[in-house]
Amino acid sequence: MTMEAATATLTAGNDRPVHSAPQGPIKIQARDVNVYYGDKHAIKHLDVDIPQHSVMAFIGPSGCGKSTFLRCINRMNDTIPICRVTGKIEIDRRDIYDPSLDVVQLRAHIGMVFQKPNPFPKSIYDNVAYGPKIHGLARTKSEIDAIVESSLRKAGLWEEVKDRLAESGTGLSGGQQQRLCIARAIAVSPDVILMDEPCSALDPIATAKVEELIDELKSNYTIIIVTHSMQQAARVSQRTAFFHLGTLVEEGPTDVIFSTPKDKRTNDYITGRFG
Amino acid sequence: MTDMSFQGPAPAVARQATESADIFKKRIQQRYRAETRFKWYGIIAISFSIAFIALLFVSIFATGLPAFTQHFLVMDVPLKAESIDPSGKRELKELASADYFGVAGEALRDKFPEVTNRRDRTRLVQLLSNGAADPLRAKVLGEPGSIGSTAKLGLPLSANADIYFKGGVTGIDKIAGRGVLTPSGTTGDISLTSSSNEFSSRLVVIKRDIAERARQLRREADRIESSGATAAQVQQLREEARVLQGRFDAVSGAEALDDRMPSMLVAVNGGIIKLTRIDNATATGEVLRPLSSASEARPGSWEVLTLTTPESNRKVTDKEVVWLEALKSQGQIERRFNWGFFTAGDSREPELAGIRGAITGSFLMLIVTLALCVPIGVMAAIYLEEFAPKNWITDIIEVNINNLAAVPSIVFGLLGLAVFLNFFNMPRSAPFVGGLVMALLVLPTIIIAARAAIKAVPPSIREGALGVGASHQQAVFHHVLPLAMPGIMTGTIIGMAHALGETAPLLMIGMIAFIVDVPTSFTDAATVLPVQIYLWSDLPELAFKAKTAAAIIVLLVFLFVMNGMAIYLRKRFERRW
């Protein structure tokens with residue numbers, strides 16, 4: 001079965017409003033994903049296609065399951081003992097819940113940026129160099145130096161910190177810390193970057209910088225961002241998915257979702273009637 | 001409600017509102033009073049605890065500090081060849097086994113030629129510690145060429161002499177003579193006649209004491225009479241009482257001094273007389289140190305010394321006091337820091353007893369404990385906190401670790417006795433076994449502290465590490481553990497301090513023996529600091545009381561240093577994220 005055909009079949013089987021299918025190659029494909037926290041059914045029968053080298057935004061009220069789904073993509077939910085995932089999530093057509101797959105390798109290919117900046121309480125240099133070191137991406141000091149510099153450059157932080165790489169990462173401002181975390185994620189050269197409300201702890205100026213960065217990064221990486229700010233979703237993403245009560249209500253090109261949502265719940269949410 | 005008192009239109013409403021405002025005000029006052037009261041409860045509680053701690057410290061330091069110094073007799077000792085090396089071969093082996101104490105004793109005896117009585121000569125020599133031989137031996141063995149010459153050496157005094165100089169034996173009241181004193185001789189039993197009533201105040205005290213004893217005897221006689229004693233017994237008591245009463249009534253009758261009364265010494269013309277019988281202005285006594293002449297002594301040139309503790313109640317006799325004072329007046333007594341306390345092992349002689357053996361024992365034991373506890377405890381904590389599945393088995397383990405931390409320490413001692421000594425036949429009294437038992441005792445504390453420290457590392461750090469593709473183990477060892485380290489170290493140090501101060505379990509495995517030698521290996525018989533304190537506290541010699549307190553001070557210093565280290569590490573390596 002070809003990808004298009006599969007998408008068509010599954011989408012047809014769903015009562016979700018149909019938007020135009022994503023253009024270009026599909027990076028991540030989720031089919032009938034269910035997540036349970038103990039007895040709680042946190043995500044219900046979720047299907048989504050995420051195109052390569054683009055930004056996908058997940059929006060929705062708190063507790064709707066968007067972060068949960070995000071954490072399924074790099075199997076971060078494995079660390080929660082009561083969490084159970086069924087269904088299929090494929091990255092580059094490879095099932096990431098395949099028992100033969102090494103979860104550590106998987107996470108090395110999927111960078112993650114968290115809601116609260118969480119640099120390691122080590123030097124700025126070590127924060128970025130840690131990933132490449134443990135994965136053996138670089139052998140010599142100069143190679144690591146090169147990776148650190150290029151990662152910090154990509155994260156737009158190099159100019160600000162190049163003279164104080166030995167200082168603690170926790171001594172940076174909130175926005176710088178978050179960009180340091182992005183640099184740390186980039187340093188292991190992932191394909192996908194997951195961002196879980198990366199700007200919720202930042203002020204508007206730092207937010208603007210991070211958003212600018214996301215825009216630059218999308219040419220090389222597939223980015224999925226969970227956000228509570230609909231303006232942010234509208235600004236940075238090409239496609240948007242709206243979650244509500246554990247179900248993916250509507251998914252499509254961002255401009256369409258925000259201008260002509262087909263589902264009433266989406267419309268209510270983006271116009272601020274609930275959530 | 002209060003607003004209404006300003007807005008309320010109707011008088012009834014206004015009155016009601018005023019009432020409620022009053023109630024409100026009252027409630028506020030009550031609340032303030034309660035807060036003040038609570039604050040004072042706290043201040044009182046803290047003051048109490050500070051007062052008790054201060055009391056503890058003052059009493060321990062007052063008792064223990066004198067033990068850190070020791071009095072030495074600095075004396076020229078002739079190193080006579082005939083007593084040290086009679087064969088004249090200068091062989092080290094022979095030199096080492098010579099009777100150095102005899103040499104020191106001879107030198108001391110030569111300083112007091114007037115002491116001829118055999119018993120007194122023995123007592124004189126016993127003012128020196130048995131350890132007085134050590135500096136002599138060291139000198140001779142160090143430079144055998146010094147034999148035949150005279151060496152100026154500091155010889156340790158016996159414990160009793162030492163305590164005497166520290167003021168622990170008796171108080172001495174000195175009263176200058178007011179009249180002209182005429183001694184009847186210079187040696188032997190002599191009489192002293194003063195032109196003034198020098199001794200009347202003491203005589204009054206003695207007479208009053210006699211009257212009291214007479215009264216007691218009469219009361220006793222009445223009591224046994226009514227309880228049916230024979231007439232003869234009653235008569236005897238009455239007779240004794242009558243004699244005593246008679247002595248009291250005779251105002252100027254001379255009275256004998258006995259060893260249950262404070263001793264009176266008269267220092268005159270460079271000699272000292274111990275009074276045995278006193279009257280108002282005259283006294284007879286025994287010369288303890290010969291007078292230079294029997295000439296009259298002018299007022300102020302002689303004095304009466306009263307040793308306030310009766311002779312029968314002290315370890316240092318009047319004669320010994322006189323000898324010691326004579327040595328002191330010649331500037332031959334020196335108070336030095338008692339290095340021996342830190343360099344010697346235990347001893348039956350209090351002045352020679354030191355804590356080196358106990359400190360070494362404690363140290364060896366703590367090494368074993370540390371080597372076992374830290375790896376096992378930290379690994380267990382990491383496993384339980386990070387890797388173990390959360391199920392009923394781990395729940396039971398957790399509960400039991402917490403229970404173990406509360407098990408009385410003596411139980412661990414019993415376990416050590418049964419398992420390590422009886423089953424594995426390990427050596428008794430060995431620091432190694434002590435360390436094993438202490439490891440069992442401290443392990444739960446360390447596991448609990450380490451788990452708490454690991455749990456306190458925010459999950460965001462762990463997630464950050466996992467997010468860049470670190471394995472669980474890498475996340476734990478690269479990120480969680482370094483951050484938990486200060487907490488783990490703090491817990492470890494506090495656990496070690498606990499082990500250092502623990503006594504009970506060691507009693508069970510035989511670390512309570514009297515051990516003179518400083519242990520040199522983990523299997524040597526040894527004791528530890530708190531056990532040493534316990535052993536010393538049990539000994540009857542007065543000098544050990546000070547040693548006990550001094551050892552407690554040393555132990556407290558160690559504990560303070562360890563706790564201080566724990567606080568320092570916590571402050572120094574505490575990280576914020």
# chains A, B, ... in the order shown; residues from 1 in each chain; ligands from 1
$ residues_around --residues "stretch 536-542 of chain B" --least-positions-apart "3" --cutoff "10 Å" --atoms "only C-alpha atoms" --output "tab-separated table (two decimals) with N, CA and C atoms, in the first residue's frame"
chain	number	residue	atom	x	y	z
B	159	ALA	N	50.20	10.70	89.17
B	159	ALA	CA	48.88	11.31	88.96
B	159	ALA	C	48.46	12.11	90.18
B	160	ASN	N	48.72	11.59	91.36
B	160	ASN	CA	48.28	12.29	92.56
B	160	ASN	C	49.02	13.60	92.73
B	163	ILE	N	47.66	16.01	90.24
B	163	ILE	CA	46.37	16.58	90.64
B	163	ILE	C	46.57	17.58	91.77
B	168	GLY	N	43.50	19.92	92.76
B	168	GLY	CA	42.40	18.98	92.96
B	168	GLY	C	42.46	18.21	94.26
B	169	VAL	N	43.48	18.45	95.09
B	169	VAL	CA	43.62	17.64	96.30
B	169	VAL	C	43.13	18.38	97.53
B	315	LYS	N	44.65	11.79	98.75
B	315	LYS	CA	45.65	10.80	98.34
B	315	LYS	C	47.06	11.31	98.58
B	346	ASP	N	46.46	3.12	76.20
B	346	ASP	CA	45.85	3.09	77.53
B	346	ASP	C	46.87	2.59	78.56
B	348	ARG	N	47.25	1.58	83.09
B	348	ARG	CA	46.63	1.56	84.41
B	348	ARG	C	47.02	2.79	85.21
B	349	GLU	N	48.17	3.40	84.83
B	349	GLU	CA	48.62	4.60	85.52
B	349	GLU	C	47.95	5.79	84.85
B	350	PRO	N	47.15	6.53	85.57
B	350	PRO	CA	46.40	7.60	84.90
B	350	PRO	C	47.29	8.60	84.20
B	353	ALA	N	48.24	7.24	80.81
B	353	ALA	CA	47.19	6.79	79.89
B	353	ALA	C	46.96	7.82	78.80
B	514	PHE	N	40.79	-3.95	78.02
B	514	PHE	CA	41.87	-3.01	78.36
B	514	PHE	C	43.05	-3.33	77.45
B	530	PRO	N	34.80	6.15	72.15
B	530	PRO	CA	33.71	6.17	73.13
B	530	PRO	C	33.81	5.03	74.14
B	531	VAL	N	34.34	3.89	73.70
B	531	VAL	CA	34.50	2.78	74.64
B	531	VAL	C	35.59	3.12	75.65
B	532	GLN	N	36.64	3.77	75.18
B	532	GLN	CA	37.71	4.21	76.08
B	532	GLN	C	37.14	5.15	77.14
B	533	ILE	N	36.28	6.04	76.71
B	533	ILE	CA	35.65	6.97	77.65
B	533	ILE	C	34.85	6.18	78.69
B	545	LYS	N	39.14	10.77	86.04
B	545	LYS	CA	37.96	11.61	85.84
B	545	LYS	C	38.28	12.70	84.82
B	546	ALA	N	39.44	13.33	85.02
B	546	ALA	CA	39.85	14.38	84.09
B	546	ALA	C	40.14	13.78	82.72
B	547	LYS	N	40.77	12.59	82.72
B	547	LYS	CA	41.09	11.95	81.44
B	547	LYS	C	39.81	11.64	80.67
B	548	THR	N	38.80	11.16	81.41
B	548	THR	CA	37.52	10.85	80.78
B	548	THR	C	36.96	12.09	80.08
B	549	ALA	N	36.95	13.18	80.83
B	549	ALA	CA	36.40	14.41	80.25
B	549	ALA	C	37.25	14.88	79.08
B	551	ALA	N	38.99	12.99	77.06
B	551	ALA	CA	38.69	12.13	75.90
B	551	ALA	C	37.35	12.52	75.29
$ interface_residues --of "chain A" --to "chain B" --cutoff "8 Å" --atoms "only C-alpha atoms" --output "list in words"
Met76, Val104, Gln105, Leu106, Arg107, Ala108, His109, Ile110, Gly111, Met112, Val113, Phe114, Asn118, Pro119, Phe120, Pro121, Gly131, Ile134, His135, Thr170, Arg184, Ala185 and Val188 of chain A
$ residues_around --residues "A:Arg235" --least-positions-apart "2" --cutoff "12 Å" --atoms "only C-alpha atoms" --output "mmCIF file with C-alpha atoms, in the first residue's frame"
data_model
loop_
_atom_site.group_PDB
_atom_site.id
_atom_site.type_symbol
_atom_site.label_atom_id
_atom_site.label_comp_id
_atom_site.auth_asym_id
_atom_site.auth_seq_id
_atom_site.Cartn_x
_atom_site.Cartn_y
_atom_site.Cartn_z
ATOM 1 C CA VAL A 55 7.040 23.036 11.571
ATOM 2 C CA MET A 56 3.996 21.309 12.966
ATOM 3 C CA ALA A 57 2.194 22.952 15.854
ATOM 4 C CA THR A 207 10.244 34.267 22.650
ATOM 5 C CA ALA A 208 10.770 36.219 19.446
ATOM 6 C CA VAL A 210 13.385 31.402 19.759
ATOM 7 C CA GLU A 211 10.635 31.694 17.153
ATOM 8 C CA GLU A 212 13.068 33.197 14.686
ATOM 9 C CA ILE A 214 12.611 27.761 14.816
ATOM 10 C CA ASP A 215 11.939 29.381 11.475
ATOM 11 C CA ILE A 225 6.043 22.326 18.680
ATOM 12 C CA THR A 227 2.195 25.615 22.296
ATOM 13 C CA SER A 229 -0.090 30.502 22.238
ATOM 14 C CA MET A 230 -2.182 30.457 19.091
ATOM 15 C CA GLN A 231 -0.323 33.471 17.771
ATOM 16 C CA GLN A 232 2.869 31.513 18.103
ATOM 17 C CA ALA A 233 1.395 28.547 16.306
ATOM 18 C CA SER A 237 4.097 26.560 11.916
ATOM 19 C CA GLN A 238 3.135 25.346 8.468
ATOM 20 C CA ARG A 239 0.613 22.860 9.759
ATOM 21 C CA THR A 240 -1.394 22.871 12.944
ATOM 22 C CA THR A 254 -1.992 26.497 9.645
ATOM 23 C CA ASP A 255 -3.602 29.328 7.673
ATOM 24 C CA PHE A 258 -6.888 29.576 11.814
#
$ atom_distance --atom1 "atom CA of A:Ala201" --atom2 "atom CA of A:Arg75"
24.1 Å
$ select_by_dssp --residues "stretch 170-210 of chain A" --states "alpha helix (DSSP H)" --output "list of chain:residue names"
A:Gly174, A:Gly175, A:Gln176, A:Gln177, A:Gln178, A:Arg179, A:Leu180, A:Cys181, A:Ile182, A:Ala183, A:Arg184, A:Ala185, A:Ile186, A:Ala187, A:Pro204, A:Ile205, A:Ala206, A:Thr207, A:Ala208, A:Lys209, A:Val210
$ write_last_selection --atoms "N, CA and C atoms" --output "tab-separated table (two decimals), in the first residue's frame"
chain	number	residue	atom	x	y	z
A	174	GLY	N	16.93	33.24	31.01
A	174	GLY	CA	15.96	32.20	30.62
A	174	GLY	C	15.96	31.93	29.13
A	175	GLY	N	15.95	33.02	28.32
A	175	GLY	CA	15.91	32.85	26.87
A	175	GLY	C	17.18	32.20	26.36
A	176	GLN	N	18.31	32.64	26.93
A	176	GLN	CA	19.59	32.05	26.51
A	176	GLN	C	19.66	30.58	26.90
A	177	GLN	N	19.13	30.28	28.10
A	177	GLN	CA	19.12	28.89	28.54
A	177	GLN	C	18.33	28.02	27.55
A	178	GLN	N	17.18	28.56	27.12
A	178	GLN	CA	16.35	27.76	26.22
A	178	GLN	C	17.06	27.56	24.89
A	179	ARG	N	17.74	28.61	24.41
A	179	ARG	CA	18.47	28.44	23.15
A	179	ARG	C	19.66	27.50	23.34
A	180	LEU	N	20.23	27.51	24.57
A	180	LEU	CA	21.30	26.56	24.86
A	180	LEU	C	20.74	25.13	24.79
A	181	CYS	N	19.53	24.95	25.30
A	181	CYS	CA	18.92	23.62	25.24
A	181	CYS	C	18.67	23.21	23.80
A	182	ILE	N	18.32	24.20	22.95
A	182	ILE	CA	18.11	23.89	21.53
A	182	ILE	C	19.45	23.50	20.90
A	183	ALA	N	20.50	24.27	21.26
A	183	ALA	CA	21.84	23.94	20.75
A	183	ALA	C	22.24	22.54	21.18
A	184	ARG	N	21.92	22.20	22.42
A	184	ARG	CA	22.25	20.89	22.95
A	184	ARG	C	21.54	19.81	22.14
A	185	ALA	N	20.27	20.10	21.79
A	185	ALA	CA	19.50	19.13	21.01
A	185	ALA	C	20.08	19.00	19.60
A	186	ILE	N	20.48	20.15	19.01
A	186	ILE	CA	20.99	20.13	17.63
A	186	ILE	C	22.33	19.40	17.55
A	187	ALA	N	23.11	19.49	18.66
A	187	ALA	CA	24.50	19.00	18.62
A	187	ALA	C	24.60	17.54	18.25
A	204	PRO	N	8.65	38.12	26.04
A	204	PRO	CA	8.35	38.25	24.61
A	204	PRO	C	9.59	38.39	23.74
A	205	ILE	N	10.64	39.06	24.24
A	205	ILE	CA	11.82	39.25	23.39
A	205	ILE	C	12.53	37.92	23.18
A	206	ALA	N	12.70	37.17	24.29
A	206	ALA	CA	13.34	35.86	24.18
A	206	ALA	C	12.47	34.95	23.31
A	207	THR	N	11.15	35.07	23.46
A	207	THR	CA	10.24	34.27	22.65
A	207	THR	C	10.47	34.56	21.16
A	208	ALA	N	10.58	35.84	20.85
A	208	ALA	CA	10.77	36.22	19.45
A	208	ALA	C	12.04	35.59	18.89
A	209	LYS	N	13.09	35.60	19.71
A	209	LYS	CA	14.36	35.02	19.25
A	209	LYS	C	14.22	33.53	18.98
A	210	VAL	N	13.55	32.84	19.92
A	210	VAL	CA	13.38	31.40	19.76
A	210	VAL	C	12.54	31.11	18.52
$ atom_distance --atom1 "atom CA of A:Lys44" --atom2 "atom CA of A:Asp32"
7.7 Å
$ atom_distance --atom1 "atom CA of B:Ile206" --atom2 "atom CA of B:Ala297"
26.2 Å
$ residues_around --residues "stretch 191-195 of chain B" --least-positions-apart "5" --cutoff "7 Å" --atoms "only C-alpha atoms" --output "ChimeraX atom specification"
/B:179-184,281-285
